[in-house]
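The next block is work-v3.pdb, given as PDB, C-alpha atoms, pLDDT in the B column.
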MODEL        1
ATOM      1  CA  MET Z 286      97.503 108.160 238.855  1.00 79.00           C
ATOM      2  CA  LEU Z 287      99.641 110.072 241.317  1.00 83.00           C
ATOM      3  CA  ARG Z 288     103.191 110.773 242.418  1.00 88.00           C
ATOM      4  CA  LEU Z 289     104.346 111.406 245.993  1.00 85.00           C
ATOM      5  CA  ASN Z 290     107.613 112.853 247.237  1.00 84.00           C
ATOM      6  CA  ALA Z 291     110.314 110.581 248.659  1.00 90.00           C
ATOM      7  CA  THR Z 292     108.962 110.722 252.220  1.00 89.00           C
ATOM      8  CA  GLY Z 293     105.326 110.311 251.275  1.00 88.00           C
ATOM      9  CA  SER Z 294     104.479 113.639 252.889  1.00 90.00           C
ATOM     10  CA  ALA Z 295     103.540 115.634 249.781  1.00 93.00           C
ATOM     11  CA  LEU Z 296     101.580 114.982 246.620  1.00 91.00           C
ATOM     12  CA  ILE Z 297     103.648 116.044 243.599  1.00 89.00           C
ATOM     13  CA  TYR Z 298     100.869 115.413 241.098  1.00 89.00           C
ATOM     14  CA  SER Z 299      97.626 113.488 240.760  1.00 93.00           C
ATOM     15  CA  THR Z 300      95.451 113.018 237.695  1.00 93.00           C
ATOM     16  CA  TYR Z 301      92.496 111.154 236.270  1.00 92.00           C
ATOM     17  CA  PHE Z 302      92.971 109.026 233.154  1.00 93.00           C
ATOM     18  CA  GLY Z 303      90.232 107.278 231.215  1.00 92.00           C
ATOM     19  CA  GLY Z 304      87.528 107.290 228.601  1.00 88.00           C
ATOM     20  CA  ASN Z 305      83.787 107.864 228.456  1.00 80.00           C
ATOM     21  CA  GLY Z 306      81.340 107.272 231.276  1.00 69.00           C
ATOM     22  CA  ALA Z 307      80.102 103.970 229.848  1.00 76.00           C
ATOM     23  CA  GLY Z 308      83.527 102.402 230.223  1.00 80.00           C
ATOM     24  CA  HIS Z 309      85.645 101.185 233.089  1.00 91.00           C
ATOM     25  CA  GLU Z 310      89.426 101.447 233.397  1.00 94.00           C
ATOM     26  CA  SER Z 311      91.935 100.000 235.834  1.00 95.00           C
ATOM     27  CA  ALA Z 312      95.697 100.579 235.874  1.00 96.00           C
ATOM     28  CA  LEU Z 313      97.491  97.482 237.165  1.00 97.00           C
ATOM     29  CA  GLY Z 314     101.158  98.071 236.312  1.00 98.00           C
ATOM     30  CA  ILE Z 315     103.528 101.013 236.513  1.00 98.00           C
ATOM     31  CA  ALA Z 316     107.137 101.718 235.592  1.00 98.00           C
ATOM     32  CA  VAL Z 317     109.285 104.856 235.669  1.00 97.00           C
ATOM     33  CA  ASN Z 318     112.300 105.639 233.501  1.00 96.00           C
ATOM     34  CA  ALA Z 319     115.446 107.580 234.406  1.00 95.00           C
ATOM     35  CA  ALA Z 320     113.742 110.846 233.429  1.00 96.00           C
ATOM     36  CA  ASN Z 321     110.848 110.160 235.839  1.00 95.00           C
ATOM     37  CA  GLU Z 322     108.447 109.645 232.960  1.00 97.00           C
ATOM     38  CA  GLU Z 323     105.669 107.288 234.012  1.00 97.00           C
ATOM     39  CA  TYR Z 324     104.364 104.301 232.060  1.00 98.00           C
ATOM     40  CA  ILE Z 325     101.154 102.524 232.999  1.00 98.00           C
ATOM     41  CA  THR Z 326      99.284  99.494 231.717  1.00 98.00           C
ATOM     42  CA  GLY Z 327      95.944  98.013 232.595  1.00 98.00           C
ATOM     43  CA  TYR Z 328      92.664  97.460 230.824  1.00 97.00           C
ATOM     44  CA  THR Z 329      89.558  99.238 229.658  1.00 96.00           C
ATOM     45  CA  THR Z 330      86.099  97.732 229.369  1.00 94.00           C
ATOM     46  CA  GLY Z 331      83.778  99.567 227.047  1.00 87.00           C
ATOM     47  CA  SER Z 332      85.614 102.865 226.638  1.00 92.00           C
ATOM     48  CA  THR Z 333      85.753 103.705 222.959  1.00 92.00           C
ATOM     49  CA  ASN Z 334      87.444 107.056 223.509  1.00 93.00           C
ATOM     50  CA  LEU Z 335      90.569 106.529 225.559  1.00 95.00           C
ATOM     51  CA  PRO Z 336      92.832 109.488 224.733  1.00 95.00           C
ATOM     52  CA  VAL Z 337      94.938 107.670 222.158  1.00 97.00           C
ATOM     53  CA  THR Z 338      97.670 109.719 220.547  1.00 97.00           C
ATOM     54  CA  ALA Z 339      98.458 110.384 216.910  1.00 97.00           C
ATOM     55  CA  GLY Z 340     100.151 107.404 215.309  1.00 97.00           C
ATOM     56  CA  ALA Z 341      99.346 105.077 218.219  1.00 98.00           C
ATOM     57  CA  TYR Z 342      99.834 101.395 217.479  1.00 98.00           C
ATOM     58  CA  GLN Z 343      96.116 100.630 217.997  1.00 98.00           C
ATOM     59  CA  ALA Z 344      93.717 103.543 217.840  1.00 97.00           C
ATOM     60  CA  ALA Z 345      90.435 101.773 218.692  1.00 96.00           C
ATOM     61  CA  ILE Z 346      89.126  99.243 221.169  1.00 96.00           C
ATOM     62  CA  ALA Z 347      88.787  95.838 219.516  1.00 96.00           C
ATOM     63  CA  GLY Z 348      87.012  93.586 222.012  1.00 93.00           C
ATOM     64  CA  SER Z 349      85.014  93.404 225.226  1.00 91.00           C
ATOM     65  CA  SER Z 350      88.073  94.717 227.026  1.00 95.00           C
ATOM     66  CA  ASP Z 351      91.473  95.739 225.765  1.00 97.00           C
ATOM     67  CA  ALA Z 352      94.787  96.340 227.433  1.00 98.00           C
ATOM     68  CA  PHE Z 353      96.225  99.821 227.153  1.00 98.00           C
ATOM     69  CA  VAL Z 354      99.694 101.329 227.485  1.00 98.00           C
ATOM     70  CA  ALA Z 355     100.207 105.008 228.307  1.00 98.00           C
ATOM     71  CA  LYS Z 356     103.253 107.192 228.928  1.00 98.00           C
ATOM     72  CA  PHE Z 357     103.209 110.512 230.798  1.00 97.00           C
ATOM     73  CA  ASN Z 358     105.822 113.222 231.233  1.00 96.00           C
ATOM     74  CA  ALA Z 359     107.605 113.655 234.566  1.00 95.00           C
ATOM     75  CA  ALA Z 360     105.212 116.369 235.715  1.00 94.00           C
ATOM     76  CA  GLY Z 361     102.124 114.287 235.001  1.00 94.00           C
ATOM     77  CA  SER Z 362     100.822 117.133 232.871  1.00 95.00           C
ATOM     78  CA  ASN Z 363     101.213 115.687 229.383  1.00 97.00           C
ATOM     79  CA  LEU Z 364     100.293 112.392 227.755  1.00 97.00           C
ATOM     80  CA  ILE Z 365     103.248 111.388 225.582  1.00 98.00           C
ATOM     81  CA  TYR Z 366     101.515 108.371 224.081  1.00 98.00           C
ATOM     82  CA  CYS Z 367      98.551 106.122 224.625  1.00 98.00           C
ATOM     83  CA  THR Z 368      97.490 103.026 222.713  1.00 98.00           C
ATOM     84  CA  TYR Z 369      94.999 100.216 223.018  1.00 98.00           C
ATOM     85  CA  LEU Z 370      96.444  96.697 222.816  1.00 98.00           C
ATOM     86  CA  GLY Z 371      94.216  93.717 222.165  1.00 98.00           C
ATOM     87  CA  GLY Z 372      92.059  91.484 220.027  1.00 98.00           C
ATOM     88  CA  THR Z 373      88.334  90.843 219.743  1.00 97.00           C
ATOM     89  CA  ASN Z 374      87.803  89.061 223.081  1.00 97.00           C
ATOM     90  CA  TYR Z 375      89.243  90.237 226.413  1.00 96.00           C
ATOM     91  CA  ASP Z 376      92.773  91.409 227.146  1.00 98.00           C
ATOM     92  CA  VAL Z 377      94.258  92.705 230.397  1.00 98.00           C
ATOM     93  CA  GLY Z 378      97.652  94.377 230.822  1.00 98.00           C
ATOM     94  CA  SER Z 379      98.995  93.476 234.269  1.00 98.00           C
ATOM     95  CA  GLU Z 380     102.578  94.692 234.466  1.00 98.00           C
ATOM     96  CA  ILE Z 381     105.106  96.760 232.530  1.00 98.00           C
ATOM     97  CA  ALA Z 382     108.883  97.165 232.406  1.00 98.00           C
ATOM     98  CA  ILE Z 383     110.976  99.736 230.541  1.00 98.00           C
ATOM     99  CA  ASN Z 384     114.455  99.409 229.056  1.00 97.00           C
ATOM    100  CA  ALA Z 385     117.036 102.164 228.701  1.00 97.00           C
ATOM    101  CA  ALA Z 386     115.822 102.918 225.167  1.00 97.00           C
ATOM    102  CA  GLY Z 387     112.310 103.655 226.437  1.00 97.00           C
ATOM    103  CA  GLU Z 388     110.772 100.520 224.934  1.00 98.00           C
ATOM    104  CA  ALA Z 389     107.914  99.064 226.990  1.00 98.00           C
ATOM    105  CA  TYR Z 390     107.530  95.360 227.796  1.00 98.00           C
ATOM    106  CA  ILE Z 391     104.006  94.394 228.837  1.00 98.00           C
ATOM    107  CA  THR Z 392     102.566  91.148 230.144  1.00 98.00           C
ATOM    108  CA  GLY Z 393      99.054  90.128 231.008  1.00 98.00           C
ATOM    109  CA  SER Z 394      96.254  87.783 230.068  1.00 98.00           C
ATOM    110  CA  THR Z 395      94.401  87.422 226.780  1.00 98.00           C
ATOM    111  CA  GLY Z 396      91.424  85.401 225.659  1.00 98.00           C
ATOM    112  CA  SER Z 397      91.614  86.815 222.136  1.00 98.00           C
ATOM    113  CA  ALA Z 398      92.444  84.393 219.348  1.00 98.00           C
ATOM    114  CA  ASN Z 399      93.618  87.376 217.303  1.00 98.00           C
ATOM    115  CA  PHE Z 400      95.731  89.163 219.909  1.00 98.00           C
ATOM    116  CA  PRO Z 401      98.425  90.995 217.915  1.00 98.00           C
ATOM    117  CA  THR Z 402     101.556  88.870 217.463  1.00 98.00           C
ATOM    118  CA  THR Z 403     104.658  89.369 215.356  1.00 98.00           C
ATOM    119  CA  ALA Z 404     106.423  87.285 212.743  1.00 97.00           C
ATOM    120  CA  GLY Z 405     108.837  84.817 214.303  1.00 95.00           C
ATOM    121  CA  ALA Z 406     107.213  85.065 217.750  1.00 97.00           C
ATOM    122  CA  TYR Z 407     107.505  82.107 220.098  1.00 97.00           C
ATOM    123  CA  ASP Z 408     103.780  81.316 219.779  1.00 97.00           C
ATOM    124  CA  VAL Z 409     101.235  83.008 217.524  1.00 98.00           C
ATOM    125  CA  THR Z 410      98.210  80.867 218.532  1.00 97.00           C
ATOM    126  CA  LEU Z 411      95.943  81.091 221.578  1.00 98.00           C
ATOM    127  CA  GLY Z 412      96.306  77.744 223.346  1.00 95.00           C
ATOM    128  CA  GLY Z 413      93.408  77.727 225.808  1.00 95.00           C
ATOM    129  CA  SER Z 414      90.731  79.881 227.356  1.00 97.00           C
ATOM    130  CA  SER Z 415      93.431  82.440 228.138  1.00 97.00           C
ATOM    131  CA  ASP Z 416      97.187  82.734 227.650  1.00 97.00           C
ATOM    132  CA  PHE Z 417     100.007  84.902 228.850  1.00 97.00           C
ATOM    133  CA  PHE Z 418     100.920  87.604 226.403  1.00 98.00           C
ATOM    134  CA  VAL Z 419     104.306  89.304 226.278  1.00 98.00           C
ATOM    135  CA  THR Z 420     104.530  92.384 224.073  1.00 98.00           C
ATOM    136  CA  LYS Z 421     107.333  94.848 223.444  1.00 98.00           C
ATOM    137  CA  LEU Z 422     106.338  98.291 222.141  1.00 98.00           C
ATOM    138  CA  ASN Z 423     108.729 100.657 220.452  1.00 98.00           C
ATOM    139  CA  ALA Z 424     109.760 103.835 222.273  1.00 98.00           C
ATOM    140  CA  THR Z 425     107.026 105.959 220.683  1.00 98.00           C
ATOM    141  CA  GLY Z 426     104.138 103.545 221.232  1.00 98.00           C
ATOM    142  CA  THR Z 427     103.514 103.375 217.495  1.00 98.00           C
ATOM    143  CA  GLY Z 428     104.547  99.795 216.739  1.00 98.00           C
ATOM    144  CA  LEU Z 429     105.320  96.341 218.056  1.00 98.00           C
ATOM    145  CA  VAL Z 430     108.900  95.137 218.345  1.00 98.00           C
ATOM    146  CA  PHE Z 431     107.662  91.676 219.261  1.00 98.00           C
ATOM    147  CA  SER Z 432     104.509  90.114 220.676  1.00 98.00           C
ATOM    148  CA  THR Z 433     103.778  86.503 221.589  1.00 98.00           C
ATOM    149  CA  TYR Z 434     101.397  84.202 223.380  1.00 98.00           C
ATOM    150  CA  VAL Z 435     102.720  81.765 225.985  1.00 97.00           C
ATOM    151  CA  GLY Z 436     100.375  79.102 227.306  1.00 96.00           C
ATOM    152  CA  GLY Z 437      98.863  75.662 227.379  1.00 94.00           C
ATOM    153  CA  SER Z 438      95.387  74.295 226.739  1.00 95.00           C
ATOM    154  CA  GLY Z 439      93.848  75.612 229.971  1.00 94.00           C
ATOM    155  CA  GLY Z 440      93.924  79.162 231.192  1.00 95.00           C
ATOM    156  CA  GLU Z 441      96.760  81.323 232.475  1.00 96.00           C
ATOM    157  CA  GLY Z 442      98.052  84.868 232.534  1.00 96.00           C
ATOM    158  CA  GLY Z 443     101.003  87.053 233.420  1.00 97.00           C
ATOM    159  CA  TYR Z 444     101.205  89.269 236.493  1.00 97.00           C
ATOM    160  CA  GLY Z 445     104.852  90.342 236.734  1.00 98.00           C
ATOM    161  CA  ILE Z 446     107.670  91.226 234.337  1.00 98.00           C
ATOM    162  CA  ALA Z 447     111.290  92.310 234.819  1.00 98.00           C
ATOM    163  CA  LEU Z 448     114.276  92.834 232.534  1.00 98.00           C
ATOM    164  CA  ASN Z 449     117.895  91.854 232.983  1.00 97.00           C
ATOM    165  CA  SER Z 450     120.875  93.848 231.736  1.00 96.00           C
ATOM    166  CA  GLN Z 451     120.476  92.264 228.268  1.00 96.00           C
ATOM    167  CA  ASP Z 452     116.795  93.341 228.068  1.00 96.00           C
ATOM    168  CA  GLU Z 453     115.626  89.741 228.278  1.00 97.00           C
ATOM    169  CA  PRO Z 454     112.148  89.631 229.886  1.00 98.00           C
ATOM    170  CA  PHE Z 455     111.422  87.435 232.905  1.00 98.00           C
ATOM    171  CA  VAL Z 456     107.686  86.850 233.324  1.00 98.00           C
ATOM    172  CA  ALA Z 457     105.686  85.400 236.224  1.00 97.00           C
ATOM    173  CA  GLY Z 458     102.044  84.482 236.567  1.00 96.00           C
ATOM    174  CA  GLY Z 459      99.883  81.436 237.001  1.00 94.00           C
ATOM    175  CA  GLY Z 460      97.192  79.194 235.627  1.00 93.00           C
ATOM    176  CA  VAL Z 461      95.658  75.780 235.259  1.00 92.00           C
ATOM    177  CA  SER Z 462      97.232  74.263 232.126  1.00 91.00           C
ATOM    178  CA  GLY Z 463      98.773  70.849 232.712  1.00 89.00           C
ATOM    179  CA  ASP Z 464     100.585  71.184 229.395  1.00 92.00           C
ATOM    180  CA  PHE Z 465     102.107  74.621 229.985  1.00 91.00           C
ATOM    181  CA  PRO Z 466     105.406  74.681 228.037  1.00 91.00           C
ATOM    182  CA  THR Z 467     108.415  73.810 230.184  1.00 90.00           C
ATOM    183  CA  THR Z 468     112.087  73.369 229.315  1.00 92.00           C
ATOM    184  CA  ASN Z 469     114.493  70.489 229.822  1.00 92.00           C
ATOM    185  CA  CYS Z 470     115.928  70.388 233.348  1.00 87.00           C
ATOM    186  CA  ALA Z 471     113.372  72.921 234.589  1.00 86.00           C
ATOM    187  CA  TYR Z 472     112.837  73.007 238.360  1.00 89.00           C
ATOM    188  CA  ASP Z 473     109.394  71.394 237.989  1.00 87.00           C
ATOM    189  CA  MET Z 474     107.857  70.113 234.749  1.00 83.00           C
ATOM    190  CA  THR Z 475     104.627  68.741 236.275  1.00 82.00           C
ATOM    191  CA  ASP Z 476     101.346  70.424 237.184  1.00 81.00           C
ATOM    192  CA  ASN Z 477     100.866  69.438 240.819  1.00 79.00           C
ATOM    193  CA  GLY Z 478      97.610  71.136 241.771  1.00 72.00           C
ATOM    194  CA  SER Z 479      94.455  72.911 240.720  1.00 73.00           C
ATOM    195  CA  ALA Z 480      96.449  76.044 239.882  1.00 81.00           C
ATOM    196  CA  GLU Z 481     100.183  76.627 239.672  1.00 85.00           C
ATOM    197  CA  ILE Z 482     102.664  79.476 239.635  1.00 90.00           C
ATOM    198  CA  MET Z 483     104.349  79.722 236.245  1.00 92.00           C
ATOM    199  CA  PHE Z 484     107.382  81.720 235.229  1.00 94.00           C
ATOM    200  CA  PHE Z 485     109.651  81.846 232.224  1.00 94.00           C
ATOM    201  CA  LYS Z 486     112.327  83.816 230.439  1.00 95.00           C
ATOM    202  CA  LEU Z 487     112.210  84.899 226.802  1.00 95.00           C
ATOM    203  CA  ASP Z 488     115.047  86.026 224.595  1.00 89.00           C
ATOM    204  CA  LYS Z 489     115.042  89.662 223.587  1.00 76.00           C
TER
ENDMDL
END
As structure tokens, the full file:
Amino acid sequence: MLRLNATGSALIYSTYFGGNGAGHESALGIAVNAANEEYITGYTTGSTNLPVTAGAYQAAIAGSSDAFVAKFNAAGSNLIYCTYLGGTNYDVGSEIAINAAGEAYITGSTGSANFPTTAGAYDVTLGGSSDFFVTKLNATGTGLVFSTYVGGSGGEGGYGIALNSQDEPFVAGGGVSGDFPTTNCAYDMTDNGSAEIMFFKLDK
């Protein structure tokens, strides 16, 4: 993880982040808040000792790979929070967005039938070999505000997420489910190929 100056001519900070030597980590998504604090998401395979912080939502790896969410201070010198996020199969965090309150919205792909979901979520059941997940963490990384699956009976996952001014998440990704949930009057309600782009909007 690193930060450059505005012209790309100087390295402001650069740091390693990860667990033990048996594991493998990749950071796939990044967001920065107004205070220049950096949020990253990605996945870890096999690392049982990511530097999770006191009170983190999920303190231990649960499956073959888990997503993670981490927040660093503006200088890159201090880990503000770090948590695993996942179930007992595989989970990958692909992208992250931050609202003005410092709450993190994460999307990615999960093959875990017990990925953490919340009461009243849009979908609390894994539909296929993999589903999108959309999760909102509180500002301290200690709890879920909401978390849901979105998917059909095939396989799909999220790769991009953005928020509007009402903090409603817009999510984009792709997959192979012919029964992916669509809405009335949607632009296209039919799977037309071997794999399709998929995008949707959730309420906040």
Polymer residues at most 12 Å from Asn423 of chain Z, all atoms listed in the file, same-chain spacing of 5 or more positions, as a PDB file with C-alpha atoms, in the coordinates of the input:
ATOM      1  CA  ALA Z 341      99.346 105.077 218.219  1.00 98.00           C
ATOM      2  CA  TYR Z 342      99.834 101.395 217.479  1.00 98.00           C
ATOM      3  CA  VAL Z 354      99.694 101.329 227.485  1.00 98.00           C
ATOM      4  CA  TYR Z 366     101.515 108.371 224.081  1.00 98.00           C
ATOM      5  CA  THR Z 368      97.490 103.026 222.713  1.00 98.00           C
ATOM      6  CA  ILE Z 383     110.976  99.736 230.541  1.00 98.00           C
ATOM      7  CA  ASN Z 384     114.455  99.409 229.056  1.00 97.00           C
ATOM      8  CA  ALA Z 385     117.036 102.164 228.701  1.00 97.00           C
ATOM      9  CA  ALA Z 386     115.822 102.918 225.167  1.00 97.00           C
ATOM     10  CA  GLY Z 387     112.310 103.655 226.437  1.00 97.00           C
ATOM     11  CA  GLU Z 388     110.772 100.520 224.934  1.00 98.00           C
ATOM     12  CA  ALA Z 389     107.914  99.064 226.990  1.00 98.00           C
ATOM     13  CA  TYR Z 390     107.530  95.360 227.796  1.00 98.00           C
ATOM     14  CA  ILE Z 391     104.006  94.394 228.837  1.00 98.00           C
ATOM     15  CA  GLY Z 428     104.547  99.795 216.739  1.00 98.00           C
ATOM     16  CA  LEU Z 429     105.320  96.341 218.056  1.00 98.00           C
ATOM     17  CA  VAL Z 430     108.900  95.137 218.345  1.00 98.00           C
ATOM     18  CA  PHE Z 431     107.662  91.676 219.261  1.00 98.00           C
ATOM     19  CA  SER Z 432     104.509  90.114 220.676  1.00 98.00           C
TER      20      SER Z 432
END
Quiz item: From the set Z:Phe465, Z:Tyr434, Z:Phe484, Z:Tyr375, which residue has the shortest atom-to-atom contact distance to Thr403 of chain Z, counting all atoms listed in the file?
Solution: Z:Tyr434
Self-check item: Neighbour list for Tyr369 of chain Z as a VMD selection string, cut-off 6 Å, only C-alpha atoms, skip fewer than 5 positions in-chain
Solution: chain Z and resid 343 352 to 353
Exercise. Would you work out the distance separating atom CA of Pro401 of chain Z from atom CA of Ala471 of chain Z, expressed in Å to one decimal?
Key: 28.8 Å
Quiz prompt | Non-local contacts of segment 293-307 of chain Z (9 Å; only C-alpha atoms; under 6 positions in same chain excluded) as a PyMOL selection string | solution = chain Z and resi 286-287+329-336+360-362
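The gap separating atom CA of Gly443 of chain Z from atom CA of Ile365 of chain Z is 25.7 Å, in Å to one decimal.
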Exercise. Would you please work out which residue, of Z:Thr392, Z:Ser438, Z:Asn477, Z:Ser311, is nearest to Lys421 of chain Z when using all atoms listed in the file?
Key: Z:Thr392
Exercise. Pick out the closest residue to Thr420 of chain Z from this set: Z:Ala447, Z:Ala359, Z:Ala319, Z:Leu370. Count all atoms listed in the file.
Key: Z:Leu370
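Between atom CA of Asn363 of chain Z and atom CA of Ala344 of chain Z the interatomic distance comes to 18.4 Å.
Each of Z:Ser394, Z:Ser414, Z:Thr433, Z:Asn290 was compared to Lys489 of chain Z using all atoms listed in the file, and Z:Thr433 turns out to be the nearest.
Minimum atom-to-atom distance to Ile381 of chain Z, evaluated using all atoms listed in the file, belongs to Z:Tyr324 out of Z:Phe418, Z:Phe485, Z:Phe455, Z:Tyr324.
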Quiz item: Which of these, Z:Gly439, Z:Asn449, Z:Thr292, Z:Thr338, has the shortest distance to Asp476 of chain Z once you count only C-alpha atoms?
Solution: Z:Gly439
Around all listed atoms of segment 424-443 of chain Z, padded 6 Å per side, what centre and edge lengths does the axis-aligned box have in Å to one decimal, as lines of an AutoDock Vina configuration file?
center_x = 101.8
center_y = 90.1
center_z = 225.1
size_x = 27.9
size_y = 43.7
size_z = 28.7
Self-check item: Ground truth for the PyMOL selection byres ((chain Z and resi 325) around 8), written as a PyMOL selection string
Solution: chain Z and resi 312-316+323-324+326-327+354-356+381
Quiz item: Applied to the shown file, which residues does the PyMOL selection byres ((chain Z and resi 417) around 12) return, written as a count of residues only?
Solution: 53
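Residue membership of the PyMOL selection byres ((chain Z and resi 322) around 6) in the shown file amounts to Val317, Asn318, Ala320, Asn321, Glu323, Phe357, Asn358 and Ala359 of chain Z.
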Save out the residues we just selected, C-alpha atoms, as an mmCIF file, in the frame of the given file.
data_model
loop_
_atom_site.group_PDB
_atom_site.id
_atom_site.type_symbol
_atom_site.label_atom_id
_atom_site.label_comp_id
_atom_site.auth_asym_id
_atom_site.auth_seq_id
_atom_site.Cartn_x
_atom_site.Cartn_y
_atom_site.Cartn_z
ATOM 1 C CA VAL Z 317 109.285 104.856 235.669
ATOM 2 C CA ASN Z 318 112.300 105.639 233.501
ATOM 3 C CA ALA Z 320 113.742 110.846 233.429
ATOM 4 C CA ASN Z 321 110.848 110.160 235.839
ATOM 5 C CA GLU Z 323 105.669 107.288 234.012
ATOM 6 C CA PHE Z 357 103.209 110.512 230.798
ATOM 7 C CA ASN Z 358 105.822 113.222 231.233
ATOM 8 C CA ALA Z 359 107.605 113.655 234.566
#
